[in-house]
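Asker: The structure file upload.json (JSON, C-alpha atoms and all ligand atoms) is provided below.
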```json
[["chain", "number", "residue", "atom", "x", "y", "z"],
["A", 1, "MET", "CA", -5.20, -4.22, 31.82],
["A", 2, "SER", "CA", -3.35, -6.20, 29.22],
["A", 3, "PHE", "CA", -2.83, -6.64, 25.55],
["A", 4, "LEU", "CA", -5.70, -9.11, 25.39],
["A", 5, "SER", "CA", -8.27, -6.88, 27.10],
["A", 6, "ASP", "CA", -7.25, -3.83, 25.06],
["A", 7, "ALA", "CA", -7.23, -5.88, 21.87],
["A", 8, "ARG", "CA", -10.75, -7.04, 22.71],
["A", 9, "ILE", "CA", -11.86, -3.39, 23.09],
["A", 10, "VAL", "CA", -10.40, -2.52, 19.69],
["A", 11, "ALA", "CA", -11.80, -5.66, 18.00],
["A", 12, "ARG", "CA", -15.30, -5.03, 19.41],
["A", 13, "ALA", "CA", -15.28, -1.41, 18.30],
["A", 14, "LEU", "CA", -14.12, -2.38, 14.79],
["A", 15, "ASN", "CA", -16.67, -5.16, 14.56],
["A", 16, "LYS", "CA", -19.48, -2.75, 15.47],
["A", 17, "PHE", "CA", -18.13, -0.16, 13.03],
["A", 18, "GLN", "CA", -18.12, -2.71, 10.21],
["A", 19, "ARG", "CA", -21.57, -4.11, 11.07],
["A", 20, "LEU", "CA", -23.28, -0.74, 11.35],
["A", 21, "SER", "CA", -21.57, 0.60, 8.22],
["A", 22, "ALA", "CA", -22.74, -2.39, 6.19],
["A", 23, "LYS", "CA", -26.31, -1.66, 7.43],
["A", 24, "ARG", "CA", -26.05, 1.93, 6.20],
["A", 25, "LYS", "CA", -25.88, 3.25, 9.77],
["A", 26, "GLY", "CA", -23.76, 6.36, 10.13],
["A", 27, "ARG", "CA", -22.60, 8.72, 7.44],
["A", 28, "VAL", "CA", -20.15, 7.50, 4.80],
["A", 29, "ILE", "CA", -18.04, 10.54, 5.53],
["A", 30, "SER", "CA", -18.15, 13.37, 8.02],
["A", 31, "GLN", "CA", -15.37, 15.86, 7.92],
["A", 32, "ALA", "CA", -15.24, 18.01, 11.03],
["A", 33, "PRO", "CA", -12.53, 20.69, 11.02],
["A", 34, "ILE", "CA", -9.22, 19.11, 11.99],
["A", 35, "GLU", "CA", -8.81, 21.26, 15.11],
["A", 36, "ASP", "CA", -12.19, 20.02, 16.36],
["A", 37, "LEU", "CA", -11.15, 16.42, 15.81],
["A", 38, "VAL", "CA", -7.80, 16.88, 17.56],
["A", 39, "ALA", "CA", -9.71, 18.28, 20.55],
["A", 40, "ASP", "CA", -12.48, 15.69, 20.43],
["A", 41, "LEU", "CA", -10.02, 12.78, 20.33],
["A", 42, "GLY", "CA", -8.34, 14.11, 23.49],
["A", 43, "LEU", "CA", -4.92, 13.93, 21.86],
["A", 44, "GLU", "CA", -3.39, 16.68, 23.99],
["A", 45, "ALA", "CA", -4.16, 14.82, 27.22],
["A", 46, "PHE", "CA", -2.87, 11.52, 25.82],
["A", 47, "LYS", "CA", 0.32, 13.28, 24.72],
["A", 48, "ARG", "CA", 0.88, 14.65, 28.24],
["A", 49, "GLN", "CA", -0.35, 11.72, 30.34],
["A", 50, "GLY", "CA", -0.45, 8.67, 28.08],
["A", 51, "GLY", "CA", -2.99, 6.11, 29.24],
["A", 52, "LEU", "CA", -4.64, 5.12, 25.99],
["A", 53, "ARG", "CA", -5.96, 1.90, 27.53],
["A", 54, "GLY", "CA", -9.09, 0.40, 29.00],
["A", 55, "ARG", "CA", -12.09, 2.68, 29.20],
["A", 56, "LYS", "CA", -10.20, 5.62, 27.74],
["A", 57, "LEU", "CA", -9.22, 3.44, 24.79],
["A", 58, "SER", "CA", -12.84, 2.43, 24.35],
["A", 59, "ARG", "CA", -13.99, 6.08, 24.31],
["A", 60, "PHE", "CA", -11.18, 6.98, 21.97],
["A", 61, "MET", "CA", -12.13, 4.19, 19.54],
["A", 62, "ASP", "CA", -15.76, 5.37, 19.48],
["A", 63, "ARG", "CA", -14.73, 8.92, 18.71],
["A", 64, "TYR", "CA", -12.08, 7.88, 16.23],
["A", 65, "LEU", "CA", -14.38, 5.59, 14.28],
["A", 66, "ALA", "CA", -17.15, 8.22, 14.27],
["A", 67, "SER", "CA", -14.91, 10.33, 12.04],
["A", 68, "CYS", "CA", -13.61, 7.52, 9.85],
["A", 69, "THR", "CA", -14.76, 7.27, 6.25],
["A", 70, "ARG", "CA", -16.94, 4.17, 6.08],
["A", 71, "LEU", "CA", -15.64, 2.00, 3.26],
["A", 72, "HIS", "CA", -17.97, -0.85, 4.28],
["A", 73, "HIS", "CA", -21.05, 1.37, 3.77],
["A", 74, "PRO", "CA", -23.02, 0.39, 0.62],
["A", 75, "ALA", "CA", -23.16, 4.08, -0.38],
["A", 76, "TYR", "CA", -19.37, 4.41, -0.36],
["A", 77, "MET", "CA", -18.22, 4.97, -3.93],
["A", 78, "ALA", "CA", -15.42, 7.46, -3.71],
["A", 79, "HIS", "CA", -11.82, 6.81, -4.69],
["A", 80, "GLN", "CA", -10.34, 3.47, -5.64],
["A", 81, "VAL", "CA", -9.46, 2.28, -2.14],
["A", 82, "ALA", "CA", -10.67, -1.28, -1.64],
["A", 83, "VAL", "CA", -13.12, -2.28, 1.08],
["A", 84, "PRO", "CA", -10.88, -4.04, 3.59],
["A", 85, "VAL", "CA", -11.41, -7.69, 4.50],
["A", 86, "TYR", "CA", -10.77, -8.41, 8.14],
["A", 87, "ALA", "CA", -8.15, -11.09, 7.41],
["A", 88, "GLY", "CA", -5.97, -8.39, 5.86],
["A", 89, "ALA", "CA", -6.40, -6.20, 8.93],
["A", 90, "LEU", "CA", -5.41, -9.10, 11.19],
["A", 91, "ALA", "CA", -2.31, -9.64, 9.07],
["A", 92, "VAL", "CA", -1.39, -5.98, 9.62],
["A", 93, "LEU", "CA", -1.83, -6.52, 13.36],
["A", 94, "VAL", "CA", 0.46, -9.57, 13.33],
["A", 95, "ASP", "CA", 3.00, -7.66, 11.27],
["A", 96, "GLY", "CA", 2.87, -4.65, 13.60],
["A", 97, "PHE", "CA", 3.17, -6.81, 16.70],
["A", 98, "THR", "CA", 6.07, -8.92, 15.47],
["A", 99, "ASN", "CA", 7.78, -6.10, 13.52],
["A", 100, "ASN", "CA", 9.86, -8.59, 11.56],
["A", 101, "ALA", "CA", 11.52, -6.52, 8.87],
["A", 102, "MET", "CA", 12.67, -8.51, 5.85],
["A", 103, "ALA", "CA", 15.80, -6.63, 4.90],
["A", 104, "ILE", "CA", 17.80, -9.63, 6.13],
["A", 105, "TYR", "CA", 16.39, -13.17, 6.24],
["A", 106, "GLU", "CA", 17.17, -13.64, 9.94],
["A", 107, "MET", "CA", 15.11, -10.53, 10.79],
["A", 108, "GLY", "CA", 11.91, -12.20, 9.64],
["A", 109, "PRO", "CA", 12.10, -15.70, 8.15],
["A", 110, "ALA", "CA", 8.32, -16.34, 8.31],
["A", 111, "ALA", "CA", 7.45, -12.97, 6.73],
["A", 112, "ALA", "CA", 10.15, -13.44, 4.10],
["A", 113, "ALA", "CA", 8.72, -16.88, 3.25],
["A", 114, "VAL", "CA", 5.25, -15.36, 2.76],
["A", 115, "GLU", "CA", 6.67, -12.57, 0.59],
["A", 116, "PHE", "CA", 8.72, -15.04, -1.50],
["A", 117, "PHE", "CA", 5.71, -17.30, -2.02],
["A", 118, "VAL", "CA", 3.28, -14.45, -2.85],
["A", 119, "LEU", "CA", 5.72, -12.91, -5.33],
["A", 120, "ASN", "CA", 6.22, -16.21, -7.11],
["A", 121, "TRP", "CA", 2.46, -16.69, -7.25],
["A", 122, "MET", "CA", 2.09, -13.25, -8.85],
["A", 123, "ILE", "CA", 5.00, -13.92, -11.22],
["A", 124, "GLU", "CA", 3.38, -17.18, -12.37],
["A", 125, "ASN", "CA", 0.09, -15.37, -12.95],
["A", 126, "VAL", "CA", 1.88, -12.93, -15.26],
["A", 127, "GLY", "CA", 3.40, -15.89, -17.10],
["A", 128, "TRP", "CA", 7.03, -15.31, -16.09],
["A", 129, "VAL", "CA", 9.54, -17.78, -14.61],
["A", 130, "PRO", "CA", 9.27, -17.83, -10.81],
["A", 131, "ALA", "CA", 12.34, -17.59, -8.61],
["A", 132, "PRO", "CA", 13.76, -20.95, -7.45],
["A", 133, "TYR", "CA", 14.35, -21.52, -3.76],
["A", 134, "PRO", "CA", 17.84, -20.22, -2.99],
["A", 135, "ARG", "CA", 19.28, -23.72, -2.53],
["A", 136, "GLU", "CA", 17.73, -25.07, -5.70],
["A", 137, "ASP", "CA", 19.49, -25.29, -9.04],
["A", 138, "SER", "CA", 18.09, -22.30, -10.93],
["A", 139, "GLY", "CA", 18.42, -23.98, -14.35],
["A", 140, "THR", "CA", 19.04, -21.23, -16.87],
["A", 141, "GLY", "CA", 19.40, -18.75, -14.05],
["A", 142, "VAL", "CA", 16.87, -16.48, -15.72],
["A", 143, "HIS", "CA", 13.87, -15.86, -13.56],
["A", 144, "ALA", "CA", 11.71, -13.05, -12.28],
["A", 145, "GLY", "CA", 11.83, -11.67, -8.77],
["A", 146, "GLY", "CA", 10.44, -8.78, -6.84],
["A", 147, "VAL", "CA", 9.66, -7.10, -3.60],
["A", 148, "LEU", "CA", 6.30, -6.26, -2.03],
["A", 149, "THR", "CA", 5.85, -2.55, -1.48],
["A", 150, "HIS", "CA", 3.24, -0.84, 0.63],
["A", 151, "GLY", "CA", 1.63, 1.19, -2.11],
["A", 152, "GLY", "CA", 1.43, 1.96, -5.79],
["A", 153, "SER", "CA", 3.66, 5.05, -5.77],
["A", 154, "LEU", "CA", 6.46, 3.13, -4.10],
["A", 155, "ALA", "CA", 5.89, 0.23, -6.49],
["A", 156, "ASN", "CA", 6.25, 2.50, -9.53],
["A", 157, "LEU", "CA", 9.36, 4.13, -8.07],
["A", 158, "THR", "CA", 10.87, 0.73, -7.25],
["A", 159, "ALA", "CA", 10.14, -0.67, -10.71],
["A", 160, "LEU", "CA", 11.62, 2.34, -12.49],
["A", 161, "LEU", "CA", 14.62, 2.25, -10.16],
["A", 162, "ALA", "CA", 15.18, -1.41, -11.08],
["A", 163, "ALA", "CA", 14.88, -0.55, -14.79],
["A", 164, "ARG", "CA", 17.36, 2.33, -14.41],
["A", 165, "THR", "CA", 19.81, 0.11, -12.51],
["A", 166, "SER", "CA", 19.58, -2.47, -15.27],
["A", 167, "LEU", "CA", 20.21, 0.08, -18.04],
["A", 168, "ALA", "CA", 22.65, 2.34, -16.23],
["A", 169, "PRO", "CA", 24.25, 0.54, -13.27],
["A", 170, "ASP", "CA", 26.63, 3.47, -12.67],
["A", 171, "SER", "CA", 23.67, 5.69, -11.74],
["A", 172, "TRP", "CA", 24.21, 5.01, -8.04],
["A", 173, "LYS", "CA", 27.60, 6.67, -8.23],
["A", 174, "LYS", "CA", 27.33, 9.07, -11.11],
["A", 175, "GLY", "CA", 23.66, 10.02, -11.17],
["A", 176, "SER", "CA", 21.24, 9.38, -14.01],
["A", 177, "PRO", "CA", 22.72, 9.66, -17.50],
["A", 178, "GLY", "CA", 21.14, 12.33, -19.67],
["A", 179, "ASP", "CA", 19.84, 10.05, -22.40],
["A", 180, "LEU", "CA", 17.30, 7.99, -20.46],
["A", 181, "ALA", "CA", 13.62, 8.22, -21.34],
["A", 182, "VAL", "CA", 10.45, 6.73, -19.92],
["A", 183, "LEU", "CA", 7.45, 5.93, -22.11],
["A", 184, "ALA", "CA", 4.04, 5.94, -20.48],
["A", 185, "PRO", "CA", 0.45, 6.76, -21.47],
["A", 186, "ALA", "CA", -0.65, 10.31, -20.69],
["A", 187, "GLU", "CA", -3.29, 8.89, -18.35],
["A", 188, "SER", "CA", -0.79, 6.88, -16.31],
["A", 189, "HIS", "CA", -0.87, 7.62, -12.60],
["A", 190, "TYR", "CA", 0.93, 10.80, -11.57],
["A", 191, "SER", "CA", 3.27, 8.75, -9.41],
["A", 192, "VAL", "CA", 5.04, 7.65, -12.62],
["A", 193, "ALA", "CA", 5.96, 11.28, -13.41],
["A", 194, "ARG", "CA", 6.95, 11.76, -9.76],
["A", 195, "ALA", "CA", 9.21, 8.69, -9.89],
["A", 196, "VAL", "CA", 10.85, 9.97, -13.07],
["A", 197, "GLY", "CA", 11.57, 13.25, -11.27],
["A", 198, "LEU", "CA", 12.83, 11.50, -8.13],
["A", 199, "LEU", "CA", 15.20, 9.31, -10.14],
["A", 200, "GLY", "CA", 16.79, 12.38, -11.69],
["A", 201, "ILE", "CA", 15.72, 11.35, -15.18],
["A", 202, "GLY", "CA", 13.73, 14.57, -15.48],
["A", 203, "GLY", "CA", 10.08, 15.05, -16.31],
["A", 204, "ASP", "CA", 10.96, 16.23, -19.85],
["A", 205, "ALA", "CA", 12.19, 12.69, -20.55],
["A", 206, "LEU", "CA", 8.72, 11.25, -20.03],
["A", 207, "TYR", "CA", 7.16, 10.52, -23.43],
["A", 208, "GLU", "CA", 3.50, 9.83, -23.99],
["A", 209, "LEU", "CA", 2.40, 6.52, -25.47],
["A", 210, "GLU", "CA", -0.70, 6.34, -27.61],
["A", 211, "VAL", "CA", -3.68, 4.51, -26.19],
["A", 212, "ASP", "CA", -6.87, 3.18, -27.75],
["A", 213, "CYS", "CA", -10.44, 4.06, -26.76],
["A", 214, "ARG", "CA", -10.12, 1.75, -23.75],
["A", 215, "GLU", "CA", -6.91, 3.41, -22.54],
["A", 216, "ARG", "CA", -4.78, 0.45, -23.63],
["A", 217, "ILE", "CA", -1.31, 1.08, -25.05],
["A", 218, "VAL", "CA", -1.28, 0.55, -28.84],
["A", 219, "PRO", "CA", 1.70, -1.79, -29.38],
["A", 220, "ASP", "CA", 2.02, -0.88, -33.07],
["A", 221, "ARG", "CA", 2.66, 2.74, -32.15],
["A", 222, "ILE", "CA", 5.49, 1.99, -29.70],
["A", 223, "PRO", "CA", 8.26, 2.01, -32.36],
["A", 224, "ALA", "CA", 7.18, 5.51, -33.38],
["A", 225, "ALA", "CA", 7.33, 6.61, -29.76],
["A", 226, "PHE", "CA", 10.84, 5.15, -29.46],
["A", 227, "ALA", "CA", 11.89, 6.99, -32.60],
["B", 1, "LIG", "C1", -2.32, 2.98, -11.25],
["B", 1, "LIG", "C2", -1.90, 3.53, -9.92],
["B", 1, "LIG", "N1", -0.60, 3.66, -9.65],
["B", 1, "LIG", "C3", -0.20, 4.16, -8.45],
["B", 1, "LIG", "C4", -1.11, 4.58, -7.50],
["B", 1, "LIG", "C5", -0.62, 5.17, -6.20],
["B", 1, "LIG", "O1", -0.84, 4.28, -5.19],
["B", 1, "LIG", "P1", -0.56, 4.64, -3.66],
["B", 1, "LIG", "O2", -1.56, 5.67, -3.29],
["B", 1, "LIG", "O3", -0.75, 3.32, -2.98],
["B", 1, "LIG", "O4", 0.85, 5.13, -3.54],
["B", 1, "LIG", "C6", -2.46, 4.44, -7.73],
["B", 1, "LIG", "C7", -3.42, 4.84, -6.72],
["B", 1, "LIG", "O5", -3.98, 5.88, -6.74],
["B", 1, "LIG", "C8", -2.88, 3.93, -8.99],
["B", 1, "LIG", "O6", -4.19, 3.83, -9.25]]
```
Now that the file is in, can you turn its structure into structure tokens?
Ligand SMILES: Cc1ncc(COP(=O)(O)O)c(C=O)c1O

Answerer:
Amino acid sequence: MSFLSDARIVARALNKFQRLSAKRKGRVISQAPIEDLVADLGLEAFKRQGGLRGRKLSRFMDRYLASCTRLHHPAYMAHQVAVPVYAGALAVLVDGFTNNAMAIYEMGPAAAAVEFFVLNWMIENVGWVPAPYPREDSGTGVHAGGVLTHGGSLANLTALLAARTSLAPDSWKKGSPGDLAVLAPAESHYSVARAVGLLGIGGDALYELEVDCRERIVPDRIPAAFA
């Protein structure tokens, strides 16, 4: 048994799962009680003896996938979670296998290069000035930058943290000042209110922005909200 043979087992099971789901085979969702699933997946035995490889891995994959929500099924229409493309899943595999964190360049130069490039691509799409390569002359020195996060909640928290640091750099030492406010539409995702709480700005400092019939912020009404 080896990585390659186990990887083949997993890839085959996923391929079948995707193919059958796309052909409307299997239920979009089946929610057995969690204790039944824990028993059915044989987790207790794996915890005690290990051995999630080979034929046991194959059986496990079948049982696991039988209780997965089928996003590739044409009848799937719940939530906003995107139908995964396999290239993305392979990227997650490469990332998991190499485990190159990007906190420091030497921990993951290739991953950092991908992140840098993708961020600049996104920045250009927004119409901002992309970051120059570190060794390049940055001209005016004013450019956008960023970090990829693994989810929207973390993205909102990170963005508001960056905004707070810009407005009140002493916050790291002294905590959030009492006169900060965040303006957001009432319909904004609840993670915005969560982030405001986490940052110590306080939920009472979250002010609603007016939106039009298509839920877009009305720019003309922003000065009134500021006031
Ligand atoms: C606009 C918006 N912001 C944030 C989130 C939270 O994203 P995540 O579940 O990835 O943390 C979502 C997803 O529900 C969202 O739709």

Asker: Kindly provide, as number ranges by chain, all nucleotide and amino acid residues lying within 10 Å of ligand LIG 1 (chain B), counting all atoms listed in the file.

Answerer: A: 79-81, 149-157, 187-192

Asker: Compute the distance from (13.1, 8.9, -28.9) to each atom, counting all atoms listed in the file, keep the residues with any atom at most 9 Å away, and return them as an MDAnalysis selection string; use the coordinates of the file.

Answerer: chainID A and resid 181 207 224:227

Asker: Skip A:Lys56 itself and residues of its chain fewer than 3 positions away, then list as a list in words all residues within 12 Å of it, counting all atoms listed in the file.

Answerer: Met1, Asp6, Ile9, Val10, Leu41, Gly42, Leu43, Ala45, Phe46, Gln49, Gly50, Gly51, Leu52, Arg53, Arg59, Phe60, Met61, Asp62, Arg63 and Tyr64 of chain A

Asker: Kindly give the distance, in Å, that separates atom CA of A:Pro74 and atom CA of A:Ala7, rounded to a single decimal.

Answerer: 27.2 Å

Asker: Sorted by chain and rising residue number, list the residues of stretch 56-117 of chain A at most 8 Å from stretch 19-25 of chain A (counting all atoms listed in the file), each with its closest atom pair and distance in Å to one decimal, as JSON lines.

Answerer:
```
{"residue": "A:Arg70", "atom": "CA", "partner": "A:Ser21", "partner_atom": "CA", "distance": 6.2}
{"residue": "A:Leu71", "atom": "CA", "partner": "A:Ser21", "partner_atom": "CA", "distance": 7.9}
{"residue": "A:His72", "atom": "CA", "partner": "A:Ala22", "partner_atom": "CA", "distance": 5.4}
{"residue": "A:His73", "atom": "CA", "partner": "A:Ser21", "partner_atom": "CA", "distance": 4.5}
{"residue": "A:Pro74", "atom": "CA", "partner": "A:Ala22", "partner_atom": "CA", "distance": 6.2}
{"residue": "A:Ala75", "atom": "CA", "partner": "A:Arg24", "partner_atom": "CA", "distance": 7.5}
```

Asker: My list of candidates is A:Leu57, A:Leu160, A:Val142, A:Leu37. Which is closest to A:Ala184 when distances are computed with only C-alpha atoms?

Answerer: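 Among the listed residues, the smallest separation from A:Ala184 belongs to A:Leu160.
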
Asker: Quick check, in Å to one decimal: how far apart do atom CA of A:Ile29 and atom CA of A:Ala78 lie?

Answerer: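 Calculated distance between atom CA of A:Ile29 and atom CA of A:Ala78 is 10.1 Å.
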
Asker: Pick the closest to A:Glu210 from A:Pro185, A:Gly145, A:Pro169, A:Gly197: which is it, counting all atoms listed in the file?

Answerer: A:Pro185

Asker: One decimal, Å: what's the distance from atom CA of A:Leu180 over to atom CA of A:Arg164, could you say?

Answerer: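 Between these atoms lies a distance of 8.3 Å.
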
Asker: Tell me which of A:Leu14, A:Ile222, A:Leu90, A:Val38 sits closest to A:Leu183, counting all atoms listed in the file.

Answerer: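 Among A:Leu14, A:Ile222, A:Leu90, A:Val38, it is A:Ile222 that comes nearest to A:Leu183.
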
Asker: List the neighbours of stretch 198-203 of chain A out to 8 Å using all atoms listed in the file; skip same-chain residues closer than 2 positions along the sequence, and give me the result as a list in words.

Answerer: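 What passes the distance filter is Leu161, Gly175, Ser176, Pro177, Gly178, Leu180, Ala181, Ala193, Arg194, Ala195, Val196, Ala205 and Leu206 of chain A.
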
Asker: Around stretch 130-149 of chain A, fit a box with edges along x, y and z, padding it by 3 Å on each side, then list its centre and edge lengths in Å to one decimal as AutoDock Vina command-line options.

Answerer:
```
--center_x 12.7 --center_y -13.9 --center_z -9.2 --size_x 19.6 --size_y 28.7 --size_z 21.4
```

Asker: Would you please work out which residue, of A:Ala186, A:Ala113, A:Ala11, A:Cys213, is nearest to A:Leu93 when using all atoms listed in the file?

Answerer: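 So, comparing all the options, the nearest one is A:Ala11.
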
Asker: Considering all atoms listed in the file, state which residue in the set A:Arg135, A:Arg55, A:Arg221, A:Asp179 is at the smallest distance from A:Leu209.

Answerer: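 Counting all atoms listed in the file, the residue closest to A:Leu209 is A:Arg221.
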